[in-house]
Amino acid sequence: MTIHFETIEKEAIETLKFPHTEVLEDDSAINQRKNELERALALGNLEHSKIQIFFEDDLSQKMVETTVWALTDESVVLKKGVGIPINRILKIA
């Protein structure tokens, strides 16, 4: 089974609706996501490197290629203050 992620621009993220439920099912996957986000933040701040964030809104699975500017307890902050709730992120590449 192949999962298709719709590629979107970061500017379109602010129009999306995000449920409050967690998309990952086990603690090890949640911990791995946390580590990947911290690495993405370091890459964004030190090298201005873009990463791919795979996430799910209320309609489908999406992917955005962007630079992580900041992390809060609940969201990943991208350029211009656009945010993605951490609990809706499936993986970071």
# chains A, B, ... in the order shown; residues from 1 in each chain; ligands from 1

call {"tool": "residues_around", "arguments": {"residues": "Gly83 of chain A", "least_positions_apart": "5", "cutoff": "10 Å", "atoms": "only C-alpha atoms", "output": "VMD selection string"}}
result
chain A and resid 10 13 to 14 68 to 72 74 to 78

call {"tool": "residues_around", "arguments": {"residues": "segment 44-52 of chain A", "least_positions_apart": "2", "cutoff": "9 Å", "atoms": "only C-alpha atoms", "output": "list in words"}}
result
Arg39, Ala40, Leu41, Ala42, Phe54, Met63, Val64, Glu65, Thr66, Thr67, Val68, Trp69, Ala70, Lys91, Ile92 and Ala93 of chain A

call {"tool": "closest_residue", "arguments": {"among": "A:Lys62, A:Arg88, A:Lys79, A:Lys34", "to": "Glu11 of chain A", "atoms": "only C-alpha atoms"}}
result
A:Lys79

call {"tool": "atom_distance", "arguments": {"atom1": "atom CA of Pro85 of chain A", "atom2": "atom CA of Arg33 of chain A"}}
result
12.3 Å

call {"tool": "atom_distance", "arguments": {"atom1": "atom CA of Glu38 of chain A", "atom2": "atom CA of Leu16 of chain A"}}
result
23.8 Å

call {"tool": "select_by_dssp", "arguments": {"residues": "segment 10-65 of chain A", "states": "helix (DSSP H, G or I)", "output": "PyMOL selection string"}}
result
chain A and resi 10-15+27-47

call {"tool": "select_by_dssp", "arguments": {"residues": "chain A", "states": "strand (DSSP E or B)", "output": "PDB file with all heavy atoms, in the first residue's frame"}}
result
ATOM      1  N   GLU A   6       0.062  14.962  -0.560  1.00  0.00           N
ATOM      2  CA  GLU A   6      -0.108  16.115  -1.430  1.00  0.00           C
ATOM      3  C   GLU A   6       0.940  17.161  -1.052  1.00  0.00           C
ATOM      4  O   GLU A   6       1.061  17.531   0.113  1.00  0.00           O
ATOM      5  CB  GLU A   6      -1.511  16.681  -1.235  1.00  0.00           C
ATOM      6  CG  GLU A   6      -1.768  17.962  -1.980  1.00  0.00           C
ATOM      7  CD  GLU A   6      -3.092  18.612  -1.586  1.00  0.00           C
ATOM      8  OE1 GLU A   6      -3.874  18.017  -0.835  1.00  0.00           O
ATOM      9  OE2 GLU A   6      -3.305  19.742  -2.033  1.00  0.00           O
ATOM     10  N   THR A   7       1.704  17.627  -2.021  1.00  0.00           N
ATOM     11  CA  THR A   7       2.701  18.665  -1.768  1.00  0.00           C
ATOM     12  C   THR A   7       2.010  20.022  -1.777  1.00  0.00           C
ATOM     13  O   THR A   7       1.259  20.335  -2.695  1.00  0.00           O
ATOM     14  CB  THR A   7       3.804  18.625  -2.840  1.00  0.00           C
ATOM     15  OG1 THR A   7       4.401  17.337  -2.837  1.00  0.00           O
ATOM     16  CG2 THR A   7       4.863  19.681  -2.570  1.00  0.00           C
ATOM     17  N   ILE A  51      13.778  21.132   5.026  1.00  0.00           N
ATOM     18  CA  ILE A  51      13.441  19.742   5.311  1.00  0.00           C
ATOM     19  C   ILE A  51      12.018  19.500   4.822  1.00  0.00           C
ATOM     20  O   ILE A  51      11.295  20.449   4.498  1.00  0.00           O
ATOM     21  CB  ILE A  51      13.578  19.409   6.819  1.00  0.00           C
ATOM     22  CG1 ILE A  51      12.841  20.446   7.690  1.00  0.00           C
ATOM     23  CG2 ILE A  51      15.022  19.382   7.232  1.00  0.00           C
ATOM     24  CD1 ILE A  51      11.547  19.952   8.172  1.00  0.00           C
ATOM     25  N   GLN A  52      11.635  18.240   4.773  1.00  0.00           N
ATOM     26  CA  GLN A  52      10.270  17.895   4.386  1.00  0.00           C
ATOM     27  C   GLN A  52       9.498  17.493   5.635  1.00  0.00           C
ATOM     28  O   GLN A  52       9.972  16.665   6.411  1.00  0.00           O
ATOM     29  CB  GLN A  52      10.263  16.741   3.389  1.00  0.00           C
ATOM     30  CG  GLN A  52      10.899  17.114   2.065  1.00  0.00           C
ATOM     31  CD  GLN A  52      10.997  15.922   1.133  1.00  0.00           C
ATOM     32  OE1 GLN A  52      11.171  14.794   1.564  1.00  0.00           O
ATOM     33  NE2 GLN A  52      10.891  16.188  -0.152  1.00  0.00           N
ATOM     34  N   ILE A  53       8.333  18.091   5.808  1.00  0.00           N
ATOM     35  CA  ILE A  53       7.456  17.754   6.929  1.00  0.00           C
ATOM     36  C   ILE A  53       6.219  17.073   6.347  1.00  0.00           C
ATOM     37  O   ILE A  53       5.516  17.652   5.512  1.00  0.00           O
ATOM     38  CB  ILE A  53       7.040  18.999   7.733  1.00  0.00           C
ATOM     39  CG1 ILE A  53       8.276  19.704   8.289  1.00  0.00           C
ATOM     40  CG2 ILE A  53       6.078  18.608   8.857  1.00  0.00           C
ATOM     41  CD1 ILE A  53       7.981  21.008   9.008  1.00  0.00           C
ATOM     42  N   PHE A  54       5.988  15.845   6.779  1.00  0.00           N
ATOM     43  CA  PHE A  54       4.825  15.075   6.358  1.00  0.00           C
ATOM     44  C   PHE A  54       3.799  15.144   7.483  1.00  0.00           C
ATOM     45  O   PHE A  54       4.104  14.771   8.619  1.00  0.00           O
ATOM     46  CB  PHE A  54       5.224  13.620   6.087  1.00  0.00           C
ATOM     47  CG  PHE A  54       6.211  13.485   4.955  1.00  0.00           C
ATOM     48  CD1 PHE A  54       7.570  13.611   5.183  1.00  0.00           C
ATOM     49  CD2 PHE A  54       5.785  13.238   3.661  1.00  0.00           C
ATOM     50  CE1 PHE A  54       8.501  13.494   4.153  1.00  0.00           C
ATOM     51  CE2 PHE A  54       6.692  13.121   2.625  1.00  0.00           C
ATOM     52  CZ  PHE A  54       8.049  13.244   2.871  1.00  0.00           C
ATOM     53  N   PHE A  55       2.611  15.629   7.167  1.00  0.00           N
ATOM     54  CA  PHE A  55       1.614  15.858   8.213  1.00  0.00           C
ATOM     55  C   PHE A  55       0.209  15.572   7.693  1.00  0.00           C
ATOM     56  O   PHE A  55       0.007  15.286   6.510  1.00  0.00           O
ATOM     57  CB  PHE A  55       1.720  17.287   8.744  1.00  0.00           C
ATOM     58  CG  PHE A  55       1.415  18.362   7.736  1.00  0.00           C
ATOM     59  CD1 PHE A  55       0.157  18.939   7.676  1.00  0.00           C
ATOM     60  CD2 PHE A  55       2.392  18.801   6.858  1.00  0.00           C
ATOM     61  CE1 PHE A  55      -0.128  19.931   6.753  1.00  0.00           C
ATOM     62  CE2 PHE A  55       2.117  19.797   5.928  1.00  0.00           C
ATOM     63  CZ  PHE A  55       0.857  20.360   5.875  1.00  0.00           C
ATOM     64  N   GLU A  56      -0.754  15.647   8.604  1.00  0.00           N
ATOM     65  CA  GLU A  56      -2.133  15.341   8.265  1.00  0.00           C
ATOM     66  C   GLU A  56      -3.045  16.436   8.817  1.00  0.00           C
ATOM     67  O   GLU A  56      -2.979  16.762  10.002  1.00  0.00           O
ATOM     68  CB  GLU A  56      -2.479  13.993   8.904  1.00  0.00           C
ATOM     69  CG  GLU A  56      -3.706  13.336   8.379  1.00  0.00           C
ATOM     70  CD  GLU A  56      -3.838  11.917   8.913  1.00  0.00           C
ATOM     71  OE1 GLU A  56      -2.859  11.141   8.824  1.00  0.00           O
ATOM     72  OE2 GLU A  56      -4.914  11.616   9.432  1.00  0.00           O
ATOM     73  N   GLN A  61      -3.365  13.735   3.849  1.00  0.00           N
ATOM     74  CA  GLN A  61      -1.960  13.807   4.233  1.00  0.00           C
ATOM     75  C   GLN A  61      -1.235  14.726   3.261  1.00  0.00           C
ATOM     76  O   GLN A  61      -1.450  14.653   2.050  1.00  0.00           O
ATOM     77  CB  GLN A  61      -1.349  12.414   4.237  1.00  0.00           C
ATOM     78  CG  GLN A  61      -1.977  11.543   5.318  1.00  0.00           C
ATOM     79  CD  GLN A  61      -1.390  10.161   5.357  1.00  0.00           C
ATOM     80  OE1 GLN A  61      -0.998   9.612   4.341  1.00  0.00           O
ATOM     81  NE2 GLN A  61      -1.339   9.584   6.540  1.00  0.00           N
ATOM     82  N   LYS A  62      -0.365  15.575   3.817  1.00  0.00           N
ATOM     83  CA  LYS A  62       0.313  16.586   3.014  1.00  0.00           C
ATOM     84  C   LYS A  62       1.799  16.620   3.347  1.00  0.00           C
ATOM     85  O   LYS A  62       2.227  16.119   4.377  1.00  0.00           O
ATOM     86  CB  LYS A  62      -0.318  17.956   3.267  1.00  0.00           C
ATOM     87  CG  LYS A  62      -1.790  18.033   2.844  1.00  0.00           C
ATOM     88  CD  LYS A  62      -2.379  19.360   3.161  1.00  0.00           C
ATOM     89  CE  LYS A  62      -3.767  19.548   2.592  1.00  0.00           C
ATOM     90  NZ  LYS A  62      -4.715  18.478   2.800  1.00  0.00           N
ATOM     91  N   MET A  63       2.564  17.267   2.466  1.00  0.00           N
ATOM     92  CA  MET A  63       3.998  17.444   2.672  1.00  0.00           C
ATOM     93  C   MET A  63       4.363  18.864   2.274  1.00  0.00           C
ATOM     94  O   MET A  63       3.870  19.387   1.275  1.00  0.00           O
ATOM     95  CB  MET A  63       4.787  16.446   1.820  1.00  0.00           C
ATOM     96  CG  MET A  63       6.293  16.440   2.079  1.00  0.00           C
ATOM     97  SD  MET A  63       7.258  17.718   1.251  1.00  0.00           S
ATOM     98  CE  MET A  63       7.088  17.238  -0.450  1.00  0.00           C
ATOM     99  N   VAL A  64       5.216  19.475   3.095  1.00  0.00           N
ATOM    100  CA  VAL A  64       5.732  20.801   2.782  1.00  0.00           C
ATOM    101  C   VAL A  64       7.254  20.759   2.926  1.00  0.00           C
ATOM    102  O   VAL A  64       7.779  20.102   3.817  1.00  0.00           O
ATOM    103  CB  VAL A  64       5.108  21.880   3.695  1.00  0.00           C
ATOM    104  CG1 VAL A  64       5.455  21.664   5.152  1.00  0.00           C
ATOM    105  CG2 VAL A  64       5.511  23.283   3.250  1.00  0.00           C
ATOM    106  N   GLU A  65       7.941  21.415   2.006  1.00  0.00           N
ATOM    107  CA  GLU A  65       9.400  21.536   2.092  1.00  0.00           C
ATOM    108  C   GLU A  65       9.695  22.952   2.560  1.00  0.00           C
ATOM    109  O   GLU A  65       9.344  23.924   1.888  1.00  0.00           O
ATOM    110  CB  GLU A  65      10.041  21.253   0.740  1.00  0.00           C
ATOM    111  CG  GLU A  65      11.539  21.152   0.838  1.00  0.00           C
ATOM    112  CD  GLU A  65      12.172  20.534  -0.401  1.00  0.00           C
ATOM    113  OE1 GLU A  65      11.502  19.778  -1.119  1.00  0.00           O
ATOM    114  OE2 GLU A  65      13.355  20.831  -0.626  1.00  0.00           O
ATOM    115  N   THR A  66      10.336  23.055   3.713  1.00  0.00           N
ATOM    116  CA  THR A  66      10.491  24.359   4.332  1.00  0.00           C
ATOM    117  C   THR A  66      11.632  24.346   5.338  1.00  0.00           C
ATOM    118  O   THR A  66      12.248  23.319   5.582  1.00  0.00           O
ATOM    119  CB  THR A  66       9.164  24.780   5.023  1.00  0.00           C
ATOM    120  OG1 THR A  66       9.275  26.116   5.465  1.00  0.00           O
ATOM    121  CG2 THR A  66       8.831  23.867   6.172  1.00  0.00           C
ATOM    122  N   ALA A  70      11.320  27.716  14.527  1.00  0.00           N
ATOM    123  CA  ALA A  70      11.204  27.583  15.981  1.00  0.00           C
ATOM    124  C   ALA A  70      10.302  26.405  16.319  1.00  0.00           C
ATOM    125  O   ALA A  70       9.550  25.914  15.476  1.00  0.00           O
ATOM    126  CB  ALA A  70      10.626  28.860  16.590  1.00  0.00           C
ATOM    127  N   LEU A  71      10.423  25.961  17.571  1.00  0.00           N
ATOM    128  CA  LEU A  71       9.548  24.914  18.109  1.00  0.00           C
ATOM    129  C   LEU A  71       8.917  25.445  19.391  1.00  0.00           C
ATOM    130  O   LEU A  71       9.593  26.072  20.196  1.00  0.00           O
ATOM    131  CB  LEU A  71      10.347  23.651  18.449  1.00  0.00           C
ATOM    132  CG  LEU A  71      10.943  22.850  17.307  1.00  0.00           C
ATOM    133  CD1 LEU A  71      11.793  21.711  17.864  1.00  0.00           C
ATOM    134  CD2 LEU A  71       9.848  22.288  16.417  1.00  0.00           C
ATOM    135  N   SER A  75       3.674  23.313  18.626  1.00  0.00           N
ATOM    136  CA  SER A  75       3.741  23.467  17.172  1.00  0.00           C
ATOM    137  C   SER A  75       5.144  23.728  16.651  1.00  0.00           C
ATOM    138  O   SER A  75       6.036  24.123  17.383  1.00  0.00           O
ATOM    139  CB  SER A  75       2.790  24.571  16.702  1.00  0.00           C
ATOM    140  OG  SER A  75       3.235  25.817  17.143  1.00  0.00           O
ATOM    141  N   VAL A  76       5.276  23.505  15.347  1.00  0.00           N
ATOM    142  CA  VAL A  76       6.482  23.822  14.604  1.00  0.00           C
ATOM    143  C   VAL A  76       6.209  25.153  13.931  1.00  0.00           C
ATOM    144  O   VAL A  76       5.189  25.315  13.254  1.00  0.00           O
ATOM    145  CB  VAL A  76       6.764  22.745  13.538  1.00  0.00           C
ATOM    146  CG1 VAL A  76       7.928  23.148  12.661  1.00  0.00           C
ATOM    147  CG2 VAL A  76       7.018  21.410  14.178  1.00  0.00           C
ATOM    148  N   VAL A  77       7.089  26.120  14.115  1.00  0.00           N
ATOM    149  CA  VAL A  77       6.895  27.452  13.545  1.00  0.00           C
ATOM    150  C   VAL A  77       7.784  27.577  12.309  1.00  0.00           C
ATOM    151  O   VAL A  77       8.990  27.350  12.366  1.00  0.00           O
ATOM    152  CB  VAL A  77       7.227  28.552  14.569  1.00  0.00           C
ATOM    153  CG1 VAL A  77       6.988  29.929  13.960  1.00  0.00           C
ATOM    154  CG2 VAL A  77       6.416  28.362  15.842  1.00  0.00           C
ATOM    155  N   GLY A  83       2.354  27.923  11.443  1.00  0.00           N
ATOM    156  CA  GLY A  83       2.617  26.806  12.329  1.00  0.00           C
ATOM    157  C   GLY A  83       1.897  25.529  11.932  1.00  0.00           C
ATOM    158  O   GLY A  83       0.832  25.561  11.318  1.00  0.00           O
ATOM    159  N   ILE A  84       2.513  24.402  12.303  1.00  0.00           N
ATOM    160  CA  ILE A  84       1.892  23.081  12.139  1.00  0.00           C
ATOM    161  C   ILE A  84       1.877  22.441  13.525  1.00  0.00           C
ATOM    162  O   ILE A  84       2.923  22.351  14.174  1.00  0.00           O
ATOM    163  CB  ILE A  84       2.703  22.180  11.179  1.00  0.00           C
ATOM    164  CG1 ILE A  84       2.810  22.812   9.792  1.00  0.00           C
ATOM    165  CG2 ILE A  84       2.057  20.791  11.083  1.00  0.00           C
ATOM    166  CD1 ILE A  84       3.736  22.060   8.853  1.00  0.00           C
ATOM    167  N   PRO A  85       0.702  21.984  13.986  1.00  0.00           N
ATOM    168  CA  PRO A  85       0.665  21.316  15.292  1.00  0.00           C
ATOM    169  C   PRO A  85       1.543  20.055  15.283  1.00  0.00           C
ATOM    170  O   PRO A  85       1.478  19.257  14.349  1.00  0.00           O
ATOM    171  CB  PRO A  85      -0.809  20.942  15.456  1.00  0.00           C
ATOM    172  CG  PRO A  85      -1.551  21.841  14.520  1.00  0.00           C
ATOM    173  CD  PRO A  85      -0.616  22.102  13.383  1.00  0.00           C
ATOM    174  N   ILE A  89       2.028  15.848  12.903  1.00  0.00           N
ATOM    175  CA  ILE A  89       3.178  15.527  12.062  1.00  0.00           C
ATOM    176  C   ILE A  89       3.460  14.041  12.104  1.00  0.00           C
ATOM    177  O   ILE A  89       3.610  13.450  13.178  1.00  0.00           O
ATOM    178  CB  ILE A  89       4.413  16.338  12.486  1.00  0.00           C
ATOM    179  CG1 ILE A  89       4.141  17.837  12.283  1.00  0.00           C
ATOM    180  CG2 ILE A  89       5.657  15.889  11.713  1.00  0.00           C
ATOM    181  CD1 ILE A  89       5.231  18.739  12.787  1.00  0.00           C
ATOM    182  N   LEU A  90       3.537  13.439  10.927  1.00  0.00           N
ATOM    183  CA  LEU A  90       3.803  12.010  10.798  1.00  0.00           C
ATOM    184  C   LEU A  90       5.293  11.714  10.782  1.00  0.00           C
ATOM    185  O   LEU A  90       5.765  10.778  11.418  1.00  0.00           O
ATOM    186  CB  LEU A  90       3.147  11.461   9.532  1.00  0.00           C
ATOM    187  CG  LEU A  90       1.622  11.519   9.542  1.00  0.00           C
ATOM    188  CD1 LEU A  90       1.071  11.482   8.124  1.00  0.00           C
ATOM    189  CD2 LEU A  90       1.086  10.369  10.366  1.00  0.00           C
ATOM    190  N   LYS A  91       6.057  12.513  10.021  1.00  0.00           N
ATOM    191  CA  LYS A  91       7.506  12.312   9.954  1.00  0.00           C
ATOM    192  C   LYS A  91       8.180  13.535   9.368  1.00  0.00           C
ATOM    193  O   LYS A  91       7.540  14.386   8.760  1.00  0.00           O
ATOM    194  CB  LYS A  91       7.866  11.056   9.161  1.00  0.00           C
ATOM    195  CG  LYS A  91       7.542  11.124   7.694  1.00  0.00           C
ATOM    196  CD  LYS A  91       7.962   9.850   6.995  1.00  0.00           C
ATOM    197  CE  LYS A  91       7.635   9.933   5.502  1.00  0.00           C
ATOM    198  NZ  LYS A  91       8.160   8.802   4.761  1.00  0.00           N
ATOM    199  N   ILE A  92       9.494  13.573   9.552  1.00  0.00           N
ATOM    200  CA  ILE A  92      10.330  14.656   9.049  1.00  0.00           C
ATOM    201  C   ILE A  92      11.470  14.008   8.273  1.00  0.00           C
ATOM    202  O   ILE A  92      12.069  13.038   8.733  1.00  0.00           O
ATOM    203  CB  ILE A  92      10.903  15.516  10.202  1.00  0.00           C
ATOM    204  CG1 ILE A  92       9.772  16.241  10.939  1.00  0.00           C
ATOM    205  CG2 ILE A  92      11.870  16.555   9.675  1.00  0.00           C
ATOM    206  CD1 ILE A  92       9.280  15.528  12.124  1.00  0.00           C
TER     207      ILE A  92
END

call {"tool": "closest_residue", "arguments": {"among": "A:Val82, A:Leu59, A:Asn87, A:Ala29", "to": "Glu9 of chain A", "atoms": "only C-alpha atoms"}}
result
A:Val82

call {"tool": "atom_distance", "arguments": {"atom1": "atom CA of Asn35 of chain A", "atom2": "atom CA of Phe18 of chain A"}}
result
22.1 Å

call {"tool": "decode", "arguments": {"residues": "segment 24-37 of chain A", "atoms": "N, CA and C atoms", "output": "PDB file, in the first residue's frame"}}
result
ATOM      1  N   LEU A  24       0.350   9.819  15.588  1.00  0.00           N
ATOM      2  CA  LEU A  24       1.235   8.682  15.845  1.00  0.00           C
ATOM      3  C   LEU A  24       0.673   7.831  16.975  1.00  0.00           C
ATOM      4  N   GLU A  25       0.932   6.518  16.886  1.00  0.00           N
ATOM      5  CA  GLU A  25       0.285   5.604  17.817  1.00  0.00           C
ATOM      6  C   GLU A  25       1.134   5.142  18.990  1.00  0.00           C
ATOM      7  N   ASP A  26       2.452   5.172  18.861  1.00  0.00           N
ATOM      8  CA  ASP A  26       3.244   4.668  19.986  1.00  0.00           C
ATOM      9  C   ASP A  26       4.283   5.669  20.460  1.00  0.00           C
ATOM     10  N   ASP A  27       4.710   5.480  21.694  1.00  0.00           N
ATOM     11  CA  ASP A  27       5.631   6.424  22.337  1.00  0.00           C
ATOM     12  C   ASP A  27       6.971   6.526  21.627  1.00  0.00           C
ATOM     13  N   SER A  28       7.473   5.416  21.076  1.00  0.00           N
ATOM     14  CA  SER A  28       8.772   5.478  20.408  1.00  0.00           C
ATOM     15  C   SER A  28       8.698   6.334  19.143  1.00  0.00           C
ATOM     16  N   ALA A  29       7.592   6.256  18.417  1.00  0.00           N
ATOM     17  CA  ALA A  29       7.426   7.096  17.223  1.00  0.00           C
ATOM     18  C   ALA A  29       7.308   8.565  17.614  1.00  0.00           C
ATOM     19  N   ILE A  30       6.630   8.844  18.713  1.00  0.00           N
ATOM     20  CA  ILE A  30       6.485  10.226  19.194  1.00  0.00           C
ATOM     21  C   ILE A  30       7.846  10.780  19.624  1.00  0.00           C
ATOM     22  N   ASN A  31       8.647   9.960  20.306  1.00  0.00           N
ATOM     23  CA  ASN A  31       9.996  10.384  20.705  1.00  0.00           C
ATOM     24  C   ASN A  31      10.890  10.602  19.494  1.00  0.00           C
ATOM     25  N   GLN A  32      10.772   9.730  18.498  1.00  0.00           N
ATOM     26  CA  GLN A  32      11.578   9.883  17.284  1.00  0.00           C
ATOM     27  C   GLN A  32      11.200  11.179  16.573  1.00  0.00           C
ATOM     28  N   ARG A  33       9.897  11.490  16.512  1.00  0.00           N
ATOM     29  CA  ARG A  33       9.453  12.737  15.894  1.00  0.00           C
ATOM     30  C   ARG A  33      10.050  13.940  16.626  1.00  0.00           C
ATOM     31  N   LYS A  34      10.061  13.892  17.953  1.00  0.00           N
ATOM     32  CA  LYS A  34      10.624  14.991  18.751  1.00  0.00           C
ATOM     33  C   LYS A  34      12.096  15.193  18.404  1.00  0.00           C
ATOM     34  N   ASN A  35      12.851  14.094  18.309  1.00  0.00           N
ATOM     35  CA  ASN A  35      14.270  14.179  17.953  1.00  0.00           C
ATOM     36  C   ASN A  35      14.461  14.735  16.544  1.00  0.00           C
ATOM     37  N   GLU A  36      13.624  14.284  15.607  1.00  0.00           N
ATOM     38  CA  GLU A  36      13.719  14.783  14.234  1.00  0.00           C
ATOM     39  C   GLU A  36      13.407  16.274  14.159  1.00  0.00           C
ATOM     40  N   LEU A  37      12.447  16.724  14.951  1.00  0.00           N
ATOM     41  CA  LEU A  37      12.108  18.153  14.957  1.00  0.00           C
ATOM     42  C   LEU A  37      13.241  18.994  15.528  1.00  0.00           C
TER      43      LEU A  37
END
